[in-house]
Amino acid sequence: MSINMHPNRLLQPSAIVRHAVLLTTGALILVPFVWMVSLSIKPPGEIFRASFSFWPAQFYGVENYTKALTEAPLPRYMGNGLIVCALILGLQILVCAPCAYALAKLRFPGRDLLFAMVLIGLLLPHQVLSLPLFVLGYQLGILNTYAALIFPYVVSPFGIFLFRQFFKTIPDDVVHAARLDGLSEIAIVWKIMVPMALPALAAFSIFSIVGHWNDLFWPLIAVRDQSLMPPPLGIMAFKSEEAGSDYGPLMAASTLVVLPLTIAFVAAQRWFVDGLIGGAVKQ
């Protein structure tokens, strides 16, 4: 019976409007990426034509991608991005998970005040803190190093909030049983809470990696050495020094930078959705 009703549900006016809005929004989001890929395989003479066609009359992809890989240290930029994102994510989990556990399962004076400060941290854009962070980085002597790219993001208010909300869905009886077994609070965090919160961990990992892989504002302030530049800043340097007005190689470099994120998100989208929906259902 449910099989026979399924097509009828899709034909309901509300479902048609909902899918139309989703398809339109998805198309608007994808248009810049489709255009970027199209420009990456076109010769310079076809890029600024008045009429748009996805496939070029003369395929120039090999030349553009070769130039993007050889005339700029693009693999170095992507390696920097991988190192920075991996270290940031690892440190964020090390800091956020115990903080979230304390806010979710422990009772102590000032807990609600600390959680309110976490919420305030969620509201503050990171650009507001860029000047004091720059001054602090200068005083610590870490500017123009990997530490300058990593240090400001070690504490993630969003990570604390997400883990705290997920930890609150875990029954207190689980924590009490672990304490009766002789586990310390730190052991409960890493042996009980974090393994049970793997969907939230997967969702946070995607948010963190995408956000810091694409970050341009802080790296533009924190580093000057080209060997330390992450992908977005490296592409800017490539545009200024090598590509100039040659947008084909520039779009090819941008496509190569976006590709790992696209593959990772497509591969992990089920975990991502399960993590967010699972937490919402348990709430």
# chains A, B, ... in the order shown; residues from 1 in each chain; ligands from 1

$ closest_atom_pairs --of "range 124-201 of chain A" --to "range 95-102 of chain A" --cutoff "9 Å" --atoms "only C-alpha atoms" --output "JSON lines"
{"residue": "A:Val154", "atom": "CA", "partner": "A:Val95", "partner_atom": "CA", "distance": 7.3}
{"residue": "A:Val155", "atom": "CA", "partner": "A:Val95", "partner_atom": "CA", "distance": 6.5}
{"residue": "A:Ser156", "atom": "CA", "partner": "A:Cys96", "partner_atom": "CA", "distance": 6.8}
{"residue": "A:Pro157", "atom": "CA", "partner": "A:Cys96", "partner_atom": "CA", "distance": 8.0}
{"residue": "A:Phe158", "atom": "CA", "partner": "A:Cys96", "partner_atom": "CA", "distance": 9.0}
{"residue": "A:Gly159", "atom": "CA", "partner": "A:Cys96", "partner_atom": "CA", "distance": 5.9}
{"residue": "A:Ile160", "atom": "CA", "partner": "A:Cys96", "partner_atom": "CA", "distance": 4.8}
{"residue": "A:Phe161", "atom": "CA", "partner": "A:Ala100", "partner_atom": "CA", "distance": 6.9}
{"residue": "A:Leu162", "atom": "CA", "partner": "A:Ala100", "partner_atom": "CA", "distance": 8.1}
{"residue": "A:Phe163", "atom": "CA", "partner": "A:Ala100", "partner_atom": "CA", "distance": 5.6}
{"residue": "A:Arg164", "atom": "CA", "partner": "A:Ala100", "partner_atom": "CA", "distance": 4.3}
{"residue": "A:Gln165", "atom": "CA", "partner": "A:Ala100", "partner_atom": "CA", "distance": 8.1}
{"residue": "A:Phe167", "atom": "CA", "partner": "A:Tyr101", "partner_atom": "CA", "distance": 6.6}
{"residue": "A:Lys168", "atom": "CA", "partner": "A:Tyr101", "partner_atom": "CA", "distance": 8.5}
{"residue": "A:Glu185", "atom": "CA", "partner": "A:Pro98", "partner_atom": "CA", "distance": 8.8}
{"residue": "A:Ile186", "atom": "CA", "partner": "A:Pro98", "partner_atom": "CA", "distance": 7.2}
{"residue": "A:Val189", "atom": "CA", "partner": "A:Pro98", "partner_atom": "CA", "distance": 6.3}
{"residue": "A:Trp190", "atom": "CA", "partner": "A:Ala97", "partner_atom": "CA", "distance": 8.3}
{"residue": "A:Met193", "atom": "CA", "partner": "A:Tyr101", "partner_atom": "CA", "distance": 7.9}
{"residue": "A:Val194", "atom": "CA", "partner": "A:Ala97", "partner_atom": "CA", "distance": 7.2}

$ atom_distance --atom1 "CA of Gly211 in chain A" --atom2 "CA of Tyr146 in chain A"
16.8 Å

$ residues_around --residues "Thr255 in chain A" --least-positions-apart "2" --cutoff "10 Å" --atoms "only C-alpha atoms" --output "MDAnalysis selection string"
chainID A and resid 33:34 36:40 65 249:253 257:260

$ closest_residue --among "A:Glu46, A:Pro152, A:Lys239, A:Val175" --to "His212 in chain A" --atoms "only C-alpha atoms"
A:Pro152

$ residues_around --residues "range 126-142 of chain A" --least-positions-apart "4" --cutoff "10 Å" --atoms "only C-alpha atoms" --output "number ranges by chain"
A: 121-122, 146-149, 151-153, 217-218, 221-223

$ write_last_selection --atoms "C-alpha atoms" --output "PDB file, in the first residue's frame"
ATOM      1  CA  GLY A 121      31.513  32.667  21.015  1.00  0.00           C
ATOM      2  CA  LEU A 122      29.223  31.155  18.383  1.00  0.00           C
ATOM      3  CA  TYR A 146      52.158  26.606  10.831  1.00  0.00           C
ATOM      4  CA  ALA A 147      51.388  27.427  14.477  1.00  0.00           C
ATOM      5  CA  ALA A 148      49.970  30.787  13.403  1.00  0.00           C
ATOM      6  CA  LEU A 149      47.508  29.017  11.093  1.00  0.00           C
ATOM      7  CA  PHE A 151      46.543  28.251  17.102  1.00  0.00           C
ATOM      8  CA  PRO A 152      43.457  30.536  16.695  1.00  0.00           C
ATOM      9  CA  TYR A 153      41.162  27.585  15.892  1.00  0.00           C
ATOM     10  CA  PHE A 217      41.083  35.798   5.733  1.00  0.00           C
ATOM     11  CA  TRP A 218      43.327  34.610   8.575  1.00  0.00           C
ATOM     12  CA  ILE A 221      47.225  37.970   7.815  1.00  0.00           C
ATOM     13  CA  ALA A 222      49.229  35.223   9.492  1.00  0.00           C
ATOM     14  CA  VAL A 223      51.718  34.007   6.836  1.00  0.00           C
TER      15      VAL A 223
END

$ residues_around --residues "Thr262 in chain A" --least-positions-apart "5" --cutoff "12 Å" --atoms "only C-alpha atoms" --output "JSON list (two decimals) with N, CA and C atoms, in the first residue's frame"
[["chain", "number", "residue", "atom", "x", "y", "z"],
["A", 30, "LEU", "N", 25.21, 25.39, -7.87],
["A", 30, "LEU", "CA", 26.13, 24.64, -8.73],
["A", 30, "LEU", "C", 26.62, 25.45, -9.92],
["A", 33, "PHE", "N", 30.27, 26.59, -9.91],
["A", 33, "PHE", "CA", 31.21, 25.47, -10.00],
["A", 33, "PHE", "C", 31.24, 24.89, -11.42],
["A", 206, "ILE", "N", 33.53, 17.30, 9.06],
["A", 206, "ILE", "CA", 33.24, 17.88, 7.74],
["A", 206, "ILE", "C", 33.18, 19.40, 7.85],
["A", 209, "ILE", "N", 36.90, 20.73, 8.47],
["A", 209, "ILE", "CA", 37.81, 20.60, 7.33],
["A", 209, "ILE", "C", 37.41, 21.55, 6.20],
["A", 210, "VAL", "N", 36.12, 21.60, 5.88],
["A", 210, "VAL", "CA", 35.67, 22.49, 4.81],
["A", 210, "VAL", "C", 35.95, 23.94, 5.17],
["A", 213, "TRP", "N", 39.88, 24.53, 5.20],
["A", 213, "TRP", "CA", 40.47, 24.36, 3.87],
["A", 213, "TRP", "C", 40.19, 25.58, 3.00],
["A", 255, "THR", "N", 39.72, 24.37, -9.50],
["A", 255, "THR", "CA", 39.01, 23.09, -9.61],
["A", 255, "THR", "C", 39.75, 22.01, -8.85],
["A", 256, "LEU", "N", 41.07, 21.97, -8.97],
["A", 256, "LEU", "CA", 41.86, 20.97, -8.25],
["A", 256, "LEU", "C", 41.78, 21.15, -6.74],
["A", 257, "VAL", "N", 41.66, 22.41, -6.29],
["A", 257, "VAL", "CA", 41.55, 22.67, -4.86],
["A", 257, "VAL", "C", 40.19, 22.25, -4.33],
["A", 267, "ALA", "N", 31.57, 11.20, -0.25],
["A", 267, "ALA", "CA", 31.83, 9.92, 0.41],
["A", 267, "ALA", "C", 31.27, 9.89, 1.83],
["A", 268, "ALA", "N", 31.25, 11.05, 2.51],
["A", 268, "ALA", "CA", 30.85, 11.07, 3.92],
["A", 268, "ALA", "C", 29.47, 11.67, 4.14],
["A", 269, "GLN", "N", 28.72, 11.95, 3.07],
["A", 269, "GLN", "CA", 27.46, 12.66, 3.26],
["A", 269, "GLN", "C", 26.46, 11.84, 4.07]]

$ closest_residue --among "A:Ile188, A:Ile16, A:Met229, A:Met236" --to "Pro75 in chain A" --atoms "only C-alpha atoms"
A:Met229
